[in-house]
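Colleague: My questions will all concern the structure given below.
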Amino acid sequence: MLETDKLFAGSIPENYDRYMVPLIFEPFAADIAQRAAALSPGAVLEIAAGTGVVTRALAPRLSPDASYVVTDLNQPMLDYAASRQTPDSRIEWRQADAMALPFQDAAFDLVCCQFGAMFFPNRTSAYREARRVLKPGGRFLFNVWDRIEENVFADEVTNALARIFPEDPPRFLARTPHGYHDKGLIRRDLEAAGFSDVAIETRAEQSRASSPRLPAVAYCQGTVLRSEIEARKARGVGRLDAATDYAASAIADRHGSGEVAAKIQAHVIMAVA
């Protein structure tokens, strides 16, 4: 992962929430919320919360006396998440680095994280921090994307951009969001951090959009891929909109010009502190 892979700023948070969340994140957020609520936690910490899709799904399912601390490394993402959330006195919003959580030991019953572990510079260290702030027997619940080939629109956008930028293809999606999919490695990292009873479930969903342009805009303009595209010029394609149009055409060539749907797949992990 490159240092720039963590820079979700500028217009990215709004575009991320507008396009990426309904395209690929909502079904997995509902799954995480259901699993988390079933544990009946009294104190919850969410790390790498992004624009708050899990927060919006989980908060209504927690007990009235629960506490819910929602964090993200990127203040712009956290600000946007807070702006989208119904006012809730149980929720505390706090900028925090998963590598050095500003919380006391054994403070939470549950730590949850949706599609954030791929961005941790040292995952075992981050997992140790999650375990440190969990009570004995507390749960760490998170998910990560499976390999990019199992996530069709992401793969098609990446391949399309490689055709127009052949000498320096933008590889953010394959490198980072889809770069941590080895279940054996995930299990080893968690066990090295002191977790036990690691359970990993692979879950497939459908990504749906009203047109092929929507997934192209989502990936090209709602993720850090935007910054990679804007830094490149090749074959006369130097503008973000032109690259987005090309990606949209590639999706349309395979899926048609109307409503489109394709597979998305992730691993859902639960571990015990």
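Chains: A, B, ... in order of the structure tokens. Residues: from 1 per chain. Ligands: from 1, in order shown.
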When you look at range 188-195 of chain A with a cut-off of 8 Å (counting only C-alpha atoms), what residues show up, excluding the ones that are within fewer than 2 positions of it in the same chain? I need them as a PyMOL selection string.
Modeller: chain A and resi 123-125+127-128+131+184-186+197-198+271-273
Colleague: Write out the residues from the selection above, keeping N, CA, C and O atoms, as an mmCIF file, in the first residue's frame.
Modeller:
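Listed below is the output, selection.cif:
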```cif
data_model
loop_
_atom_site.group_PDB
_atom_site.id
_atom_site.type_symbol
_atom_site.label_atom_id
_atom_site.label_comp_id
_atom_site.auth_asym_id
_atom_site.auth_seq_id
_atom_site.Cartn_x
_atom_site.Cartn_y
_atom_site.Cartn_z
ATOM 1 N N ARG A 123 -0.887 -4.709 9.908
ATOM 2 C CA ARG A 123 -2.173 -5.254 10.355
ATOM 3 C C ARG A 123 -2.062 -5.948 11.707
ATOM 4 O O ARG A 123 -2.953 -5.819 12.545
ATOM 5 N N THR A 124 -0.997 -6.684 11.931
ATOM 6 C CA THR A 124 -0.853 -7.360 13.218
ATOM 7 C C THR A 124 -0.799 -6.352 14.354
ATOM 8 O O THR A 124 -1.417 -6.545 15.411
ATOM 9 N N SER A 125 -0.097 -5.254 14.154
ATOM 10 C CA SER A 125 -0.050 -4.206 15.177
ATOM 11 C C SER A 125 -1.426 -3.600 15.408
ATOM 12 O O SER A 125 -1.827 -3.340 16.559
ATOM 13 N N TYR A 127 -4.262 -5.085 14.878
ATOM 14 C CA TYR A 127 -5.073 -6.100 15.554
ATOM 15 C C TYR A 127 -4.719 -6.171 17.043
ATOM 16 O O TYR A 127 -5.610 -6.384 17.886
ATOM 17 N N ARG A 128 -3.457 -5.999 17.371
ATOM 18 C CA ARG A 128 -3.076 -5.979 18.786
ATOM 19 C C ARG A 128 -3.758 -4.812 19.510
ATOM 20 O O ARG A 128 -4.179 -4.944 20.669
ATOM 21 N N ARG A 131 -7.316 -5.771 20.096
ATOM 22 C CA ARG A 131 -7.407 -6.718 21.216
ATOM 23 C C ARG A 131 -7.170 -6.018 22.547
ATOM 24 O O ARG A 131 -7.814 -6.340 23.552
ATOM 25 N N GLY A 184 -5.615 -17.530 4.909
ATOM 26 C CA GLY A 184 -4.572 -18.060 5.778
ATOM 27 C C GLY A 184 -3.757 -16.950 6.411
ATOM 28 O O GLY A 184 -3.432 -16.999 7.602
ATOM 29 N N LEU A 185 -3.430 -15.933 5.617
ATOM 30 C CA LEU A 185 -2.666 -14.799 6.130
ATOM 31 C C LEU A 185 -3.480 -14.027 7.163
ATOM 32 O O LEU A 185 -2.951 -13.629 8.216
ATOM 33 N N ILE A 186 -4.747 -13.803 6.884
ATOM 34 C CA ILE A 186 -5.615 -13.088 7.830
ATOM 35 C C ILE A 186 -5.650 -13.821 9.166
ATOM 36 O O ILE A 186 -5.506 -13.220 10.234
ATOM 37 N N ASP A 197 -10.113 -18.402 18.295
ATOM 38 C CA ASP A 197 -11.428 -18.748 17.710
ATOM 39 C C ASP A 197 -11.733 -17.892 16.484
ATOM 40 O O ASP A 197 -12.805 -17.297 16.367
ATOM 41 N N VAL A 198 -10.785 -17.830 15.572
ATOM 42 C CA VAL A 198 -10.952 -17.019 14.366
ATOM 43 C C VAL A 198 -11.868 -17.756 13.385
ATOM 44 O O VAL A 198 -11.588 -18.888 12.986
ATOM 45 N N ALA A 271 -13.279 -12.769 15.564
ATOM 46 C CA ALA A 271 -12.233 -13.329 16.416
ATOM 47 C C ALA A 271 -12.492 -12.917 17.859
ATOM 48 O O ALA A 271 -13.113 -11.886 18.134
ATOM 49 N N VAL A 272 -12.004 -13.744 18.796
ATOM 50 C CA VAL A 272 -12.252 -13.545 20.225
ATOM 51 C C VAL A 272 -10.980 -13.079 20.909
ATOM 52 O O VAL A 272 -9.900 -13.656 20.721
ATOM 53 N N ALA A 273 -11.119 -12.017 21.703
ATOM 54 C CA ALA A 273 -9.962 -11.484 22.448
ATOM 55 C C ALA A 273 -9.603 -12.362 23.636
ATOM 56 O O ALA A 273 -10.452 -13.022 24.202
#
```
Colleague: Compile the contact shell of Cys113 in chain A as a list in words: residues with an atom at most 7 Å away, counting only C-alpha atoms, same-chain residues fewer than 2 positions apart removed.
Modeller: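 With the cut-off at 7 Å, the set is Glu46, Ile47, Ala48, Ala49, Val111, Phe115, Gly116, Leu141, Phe142 and Asn143 of chain A.
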Colleague: Kindly export the residues of the current selection with C-alpha atoms, as a tab-separated table (two decimals), in the first residue's frame.
Modeller:
```tsv
chain	number	residue	atom	x	y	z
A	46	GLU	CA	-15.94	1.19	15.21
A	47	ILE	CA	-12.62	1.82	13.51
A	48	ALA	CA	-12.08	3.05	9.93
A	49	ALA	CA	-15.75	4.03	9.81
A	111	VAL	CA	-14.63	-3.68	17.93
A	115	PHE	CA	-13.33	-2.74	4.78
A	116	GLY	CA	-10.66	-0.89	6.71
A	141	LEU	CA	-15.74	-8.26	13.80
A	142	PHE	CA	-14.58	-7.03	10.42
A	143	ASN	CA	-14.63	-7.71	6.71
```
Colleague: Return the single residue from A:Arg232, A:Arg213, A:Arg203, A:Arg147 that is closest to Glu167 in chain A, with distances computed using only C-alpha atoms.
Modeller: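 Result for the nearest residue to Glu167 in chain A: A:Arg232.
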Colleague: Find the spatial neighbours of Thr86 in chain A, counting only C-alpha atoms, within a cut-off of 10 Å - ignore same-chain residues fewer than 5 positions away - and output them as a list in words.
Modeller: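 Non-adjacent residues within range: Arg56, Ala59 and Pro60 of chain A.
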Colleague: Save the residues we just selected, N, CA and C atoms, as a PDB file, in the first residue's frame?
Modeller:
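Everything below was put into result_0.pdb:
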```
ATOM      1  N   ARG A  56     -24.758   3.922  10.471  1.00  0.00           N
ATOM      2  CA  ARG A  56     -26.185   4.151  10.216  1.00  0.00           C
ATOM      3  C   ARG A  56     -26.985   2.860  10.319  1.00  0.00           C
ATOM      4  N   ALA A  59     -26.386   1.545  14.651  1.00  0.00           N
ATOM      5  CA  ALA A  59     -26.862   2.345  15.786  1.00  0.00           C
ATOM      6  C   ALA A  59     -28.323   2.057  16.155  1.00  0.00           C
ATOM      7  N   PRO A  60     -29.252   1.961  15.187  1.00  0.00           N
ATOM      8  CA  PRO A  60     -30.649   1.692  15.571  1.00  0.00           C
ATOM      9  C   PRO A  60     -30.856   0.321  16.202  1.00  0.00           C
TER      10      PRO A  60
END
```
Colleague: Go through range 58-153 of chain A residue by residue and, counting only C-alpha atoms, keep those with an atom at most 7 Å from range 29-38 of chain A; for each kept residue give the shortest atom pair and its distance in Å to one decimal, ordered by chain and increasing number, as a tab-separated table.
Modeller:
```
residue	atom	partner	partner_atom	distance
A:Leu58	CA	A:Ala33	CA	4.6
A:Arg61	CA	A:Ala37	CA	6.0
A:Leu62	CA	A:Ala37	CA	6.1
```
Colleague: List the neighbours of Asp182 in chain A out to 12 Å using only C-alpha atoms; skip same-chain residues closer than 5 positions along the sequence, and give me the result as a list in words.
Modeller: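 Within the cut-off, the hits are Met118, Val144, Trp145, Asp146, Arg147, Ile148, Arg187, Arg188, Asp189, Ile200, Thr202, Ala266 and His267 of chain A.
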Colleague: Output C-alpha atoms for every residue in the selection just made, as a PDB file, in the first residue's frame.
Modeller:
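out.pdb written:
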```pdb
ATOM      1  CA  MET A 118      -6.659  -3.434   4.050  1.00  0.00           C
ATOM      2  CA  VAL A 144     -12.197  -7.411   3.799  1.00  0.00           C
ATOM      3  CA  TRP A 145     -12.704  -7.664   0.074  1.00  0.00           C
ATOM      4  CA  ASP A 146     -11.855 -10.909  -1.692  1.00  0.00           C
ATOM      5  CA  ARG A 147      -9.443 -10.822  -4.646  1.00  0.00           C
ATOM      6  CA  ILE A 148     -10.311  -8.347  -7.365  1.00  0.00           C
ATOM      7  CA  ARG A 187      -5.886 -15.929  10.334  1.00  0.00           C
ATOM      8  CA  ARG A 188      -2.135 -15.893  11.033  1.00  0.00           C
ATOM      9  CA  ASP A 189      -2.134 -12.124  11.537  1.00  0.00           C
ATOM     10  CA  ILE A 200     -13.788 -16.553   8.390  1.00  0.00           C
ATOM     11  CA  THR A 202     -16.729 -15.811   2.421  1.00  0.00           C
ATOM     12  CA  ALA A 266     -15.783 -10.408   0.696  1.00  0.00           C
ATOM     13  CA  HIS A 267     -14.526 -12.301   3.732  1.00  0.00           C
TER      14      HIS A 267
END
```
Colleague: Pull the strand (DSSP E) assignments for range 7-182 of chain A out of DSSP run on the backbone, and list those residues as a ChimeraX atom specification.
Modeller: /A:43-46,67-72,91-95,108-114,134-145
Colleague: Sorted by chain and rising residue number, list the residues of range 176-235 of chain A at most 10 Å from range 150-166 of chain A (counting only C-alpha atoms), each with its closest atom pair and distance in Å to one decimal, as JSON lines.
Modeller:
```
{"residue": "A:Pro177", "atom": "CA", "partner": "A:Ala154", "partner_atom": "CA", "distance": 9.7}
{"residue": "A:His178", "atom": "CA", "partner": "A:Asn151", "partner_atom": "CA", "distance": 8.7}
{"residue": "A:Ala204", "atom": "CA", "partner": "A:Glu150", "partner_atom": "CA", "distance": 8.8}
{"residue": "A:Glu205", "atom": "CA", "partner": "A:Asn151", "partner_atom": "CA", "distance": 9.6}
{"residue": "A:Gln206", "atom": "CA", "partner": "A:Asn151", "partner_atom": "CA", "distance": 9.4}
{"residue": "A:Ser207", "atom": "CA", "partner": "A:Phe153", "partner_atom": "CA", "distance": 8.2}
{"residue": "A:Arg208", "atom": "CA", "partner": "A:Phe153", "partner_atom": "CA", "distance": 9.9}
{"residue": "A:Pro212", "atom": "CA", "partner": "A:Phe153", "partner_atom": "CA", "distance": 9.3}
{"residue": "A:Pro215", "atom": "CA", "partner": "A:Phe153", "partner_atom": "CA", "distance": 6.8}
{"residue": "A:Ala216", "atom": "CA", "partner": "A:Val157", "partner_atom": "CA", "distance": 6.7}
{"residue": "A:Val217", "atom": "CA", "partner": "A:Val157", "partner_atom": "CA", "distance": 9.9}
{"residue": "A:Ala218", "atom": "CA", "partner": "A:Ala154", "partner_atom": "CA", "distance": 9.7}
{"residue": "A:Tyr219", "atom": "CA", "partner": "A:Ala154", "partner_atom": "CA", "distance": 7.1}
{"residue": "A:Cys220", "atom": "CA", "partner": "A:Val157", "partner_atom": "CA", "distance": 8.0}
{"residue": "A:Leu225", "atom": "CA", "partner": "A:Thr158", "partner_atom": "CA", "distance": 9.4}
{"residue": "A:Ile229", "atom": "CA", "partner": "A:Leu161", "partner_atom": "CA", "distance": 8.4}
{"residue": "A:Arg232", "atom": "CA", "partner": "A:Phe165", "partner_atom": "CA", "distance": 7.5}
{"residue": "A:Lys233", "atom": "CA", "partner": "A:Phe165", "partner_atom": "CA", "distance": 7.5}
{"residue": "A:Ala234", "atom": "CA", "partner": "A:Phe165", "partner_atom": "CA", "distance": 5.6}
{"residue": "A:Arg235", "atom": "CA", "partner": "A:Ile164", "partner_atom": "CA", "distance": 6.5}
```
Colleague: Print the selection's residues with all heavy atoms to a file, as a short mmCIF file (atom, residue, chain, number, x, y, z; two decimals), in the first residue's frame.
Modeller:
```cif
data_model
loop_
_atom_site.label_atom_id
_atom_site.label_comp_id
_atom_site.auth_asym_id
_atom_site.auth_seq_id
_atom_site.Cartn_x
_atom_site.Cartn_y
_atom_site.Cartn_z
N PRO A 177 -7.60 -2.02 -1.75
CA PRO A 177 -8.89 -2.59 -1.33
C PRO A 177 -8.98 -4.10 -1.53
O PRO A 177 -9.57 -4.80 -0.71
CB PRO A 177 -9.90 -1.84 -2.20
CG PRO A 177 -9.25 -0.56 -2.53
CD PRO A 177 -7.79 -0.89 -2.67
N HIS A 178 -8.38 -4.60 -2.61
CA HIS A 178 -8.45 -6.03 -2.91
C HIS A 178 -7.10 -6.73 -2.72
O HIS A 178 -6.87 -7.82 -3.26
CB HIS A 178 -8.95 -6.24 -4.34
CG HIS A 178 -10.34 -5.72 -4.54
ND1 HIS A 178 -11.46 -6.44 -4.17
CD2 HIS A 178 -10.80 -4.55 -5.04
CE1 HIS A 178 -12.55 -5.74 -4.44
NE2 HIS A 178 -12.17 -4.58 -4.95
N ALA A 204 -20.81 -13.65 -0.82
CA ALA A 204 -21.01 -12.99 -2.11
C ALA A 204 -22.31 -12.19 -2.08
O ALA A 204 -23.30 -12.59 -1.46
CB ALA A 204 -21.06 -14.01 -3.24
N GLU A 205 -22.30 -11.05 -2.75
CA GLU A 205 -23.48 -10.21 -2.92
C GLU A 205 -23.53 -9.75 -4.38
O GLU A 205 -22.65 -10.08 -5.17
CB GLU A 205 -23.43 -8.99 -1.99
CG GLU A 205 -23.45 -9.31 -0.50
CD GLU A 205 -24.84 -9.61 0.02
OE1 GLU A 205 -25.81 -9.55 -0.78
OE2 GLU A 205 -24.96 -9.91 1.23
N GLN A 206 -24.55 -8.99 -4.71
CA GLN A 206 -24.68 -8.42 -6.04
C GLN A 206 -24.53 -6.90 -5.97
O GLN A 206 -25.12 -6.24 -5.11
CB GLN A 206 -26.03 -8.76 -6.66
CG GLN A 206 -26.13 -10.19 -7.19
CD GLN A 206 -25.36 -10.37 -8.49
OE1 GLN A 206 -25.63 -9.72 -9.49
NE2 GLN A 206 -24.40 -11.28 -8.47
N SER A 207 -23.70 -6.38 -6.84
CA SER A 207 -23.56 -4.94 -7.01
C SER A 207 -24.49 -4.52 -8.15
O SER A 207 -24.42 -5.08 -9.25
CB SER A 207 -22.11 -4.61 -7.35
OG SER A 207 -21.93 -3.23 -7.55
N ARG A 208 -25.35 -3.55 -7.87
CA ARG A 208 -26.35 -3.15 -8.86
C ARG A 208 -26.30 -1.64 -9.09
O ARG A 208 -26.07 -0.88 -8.15
CB ARG A 208 -27.76 -3.55 -8.41
CG ARG A 208 -27.93 -5.04 -8.15
CD ARG A 208 -29.33 -5.39 -7.69
NE ARG A 208 -29.44 -6.78 -7.31
CZ ARG A 208 -29.62 -7.78 -8.17
NH1 ARG A 208 -29.72 -7.52 -9.47
NH2 ARG A 208 -29.69 -9.03 -7.74
N PRO A 212 -24.24 1.67 -16.60
CA PRO A 212 -22.82 1.33 -16.48
C PRO A 212 -21.96 2.51 -16.06
O PRO A 212 -20.84 2.31 -15.56
CB PRO A 212 -22.45 0.84 -17.88
CG PRO A 212 -23.51 1.37 -18.78
CD PRO A 212 -24.75 1.48 -17.97
N PRO A 215 -21.09 2.67 -11.79
CA PRO A 215 -19.91 2.03 -11.19
C PRO A 215 -18.60 2.66 -11.67
O PRO A 215 -17.63 2.71 -10.90
CB PRO A 215 -20.02 0.57 -11.62
CG PRO A 215 -21.04 0.52 -12.70
CD PRO A 215 -21.93 1.69 -12.49
N ALA A 216 -18.57 3.15 -12.90
CA ALA A 216 -17.35 3.81 -13.38
C ALA A 216 -17.08 5.08 -12.58
O ALA A 216 -15.95 5.33 -12.15
CB ALA A 216 -17.48 4.14 -14.87
N VAL A 217 -18.11 5.88 -12.35
CA VAL A 217 -17.96 7.09 -11.55
C VAL A 217 -17.59 6.73 -10.11
O VAL A 217 -16.73 7.37 -9.49
CB VAL A 217 -19.25 7.94 -11.58
CG1 VAL A 217 -19.18 9.08 -10.57
CG2 VAL A 217 -19.49 8.49 -12.98
N ALA A 218 -18.24 5.70 -9.58
CA ALA A 218 -17.99 5.29 -8.19
C ALA A 218 -16.51 4.99 -7.98
O ALA A 218 -15.88 5.51 -7.05
CB ALA A 218 -18.85 4.09 -7.84
N TYR A 219 -15.97 4.13 -8.82
CA TYR A 219 -14.58 3.72 -8.63
C TYR A 219 -13.59 4.81 -9.05
O TYR A 219 -12.59 5.04 -8.37
CB TYR A 219 -14.30 2.44 -9.41
CG TYR A 219 -14.88 1.21 -8.77
CD1 TYR A 219 -15.99 0.56 -9.31
CD2 TYR A 219 -14.33 0.68 -7.60
CE1 TYR A 219 -16.53 -0.57 -8.72
CE2 TYR A 219 -14.86 -0.44 -7.00
CZ TYR A 219 -15.96 -1.06 -7.56
OH TYR A 219 -16.50 -2.16 -6.96
N CYS A 220 -13.85 5.48 -10.16
CA CYS A 220 -12.89 6.45 -10.68
C CYS A 220 -12.90 7.78 -9.93
O CYS A 220 -11.88 8.47 -9.88
CB CYS A 220 -13.15 6.72 -12.16
SG CYS A 220 -12.84 5.32 -13.25
N LEU A 225 -8.48 6.07 -6.38
CA LEU A 225 -8.19 5.88 -7.80
C LEU A 225 -8.27 7.20 -8.55
O LEU A 225 -7.55 7.43 -9.53
CB LEU A 225 -9.17 4.86 -8.40
CG LEU A 225 -8.92 4.36 -9.81
CD1 LEU A 225 -7.55 3.70 -9.92
CD2 LEU A 225 -10.02 3.39 -10.23
N ILE A 229 -5.64 8.63 -11.39
CA ILE A 229 -6.03 8.99 -12.75
C ILE A 229 -5.60 10.42 -13.06
O ILE A 229 -5.03 10.71 -14.13
CB ILE A 229 -7.54 8.83 -12.95
CG1 ILE A 229 -7.94 7.36 -12.85
CG2 ILE A 229 -7.98 9.41 -14.29
CD1 ILE A 229 -9.43 7.13 -12.76
N ARG A 232 -2.08 11.11 -14.24
CA ARG A 232 -1.60 10.46 -15.47
C ARG A 232 -2.18 11.11 -16.72
O ARG A 232 -3.30 11.58 -16.73
CB ARG A 232 -1.97 8.96 -15.46
CG ARG A 232 -1.17 8.15 -14.45
CD ARG A 232 -1.84 6.83 -14.17
NE ARG A 232 -0.99 5.94 -13.40
CZ ARG A 232 -0.84 6.02 -12.09
NH1 ARG A 232 -1.46 6.96 -11.40
NH2 ARG A 232 -0.06 5.15 -11.46
N LYS A 233 -1.39 11.03 -17.78
CA LYS A 233 -1.85 11.44 -19.11
C LYS A 233 -1.30 10.44 -20.10
O LYS A 233 -0.10 10.18 -20.13
CB LYS A 233 -1.39 12.84 -19.46
CG LYS A 233 -2.04 13.95 -18.64
CD LYS A 233 -1.60 15.31 -19.12
CE LYS A 233 -2.26 16.42 -18.32
NZ LYS A 233 -1.87 17.77 -18.79
N ALA A 234 -2.19 9.85 -20.89
CA ALA A 234 -1.73 8.88 -21.89
C ALA A 234 -2.75 8.77 -22.99
O ALA A 234 -3.95 8.83 -22.76
CB ALA A 234 -1.51 7.52 -21.24
N ARG A 235 -2.27 8.59 -24.21
CA ARG A 235 -3.14 8.40 -25.37
C ARG A 235 -4.24 9.46 -25.46
O ARG A 235 -5.38 9.18 -25.82
CB ARG A 235 -3.78 7.00 -25.34
CG ARG A 235 -2.76 5.87 -25.49
CD ARG A 235 -3.46 4.54 -25.63
NE ARG A 235 -2.50 3.45 -25.72
CZ ARG A 235 -2.84 2.17 -25.81
NH1 ARG A 235 -4.12 1.83 -25.83
NH2 ARG A 235 -1.92 1.23 -25.89
#
```
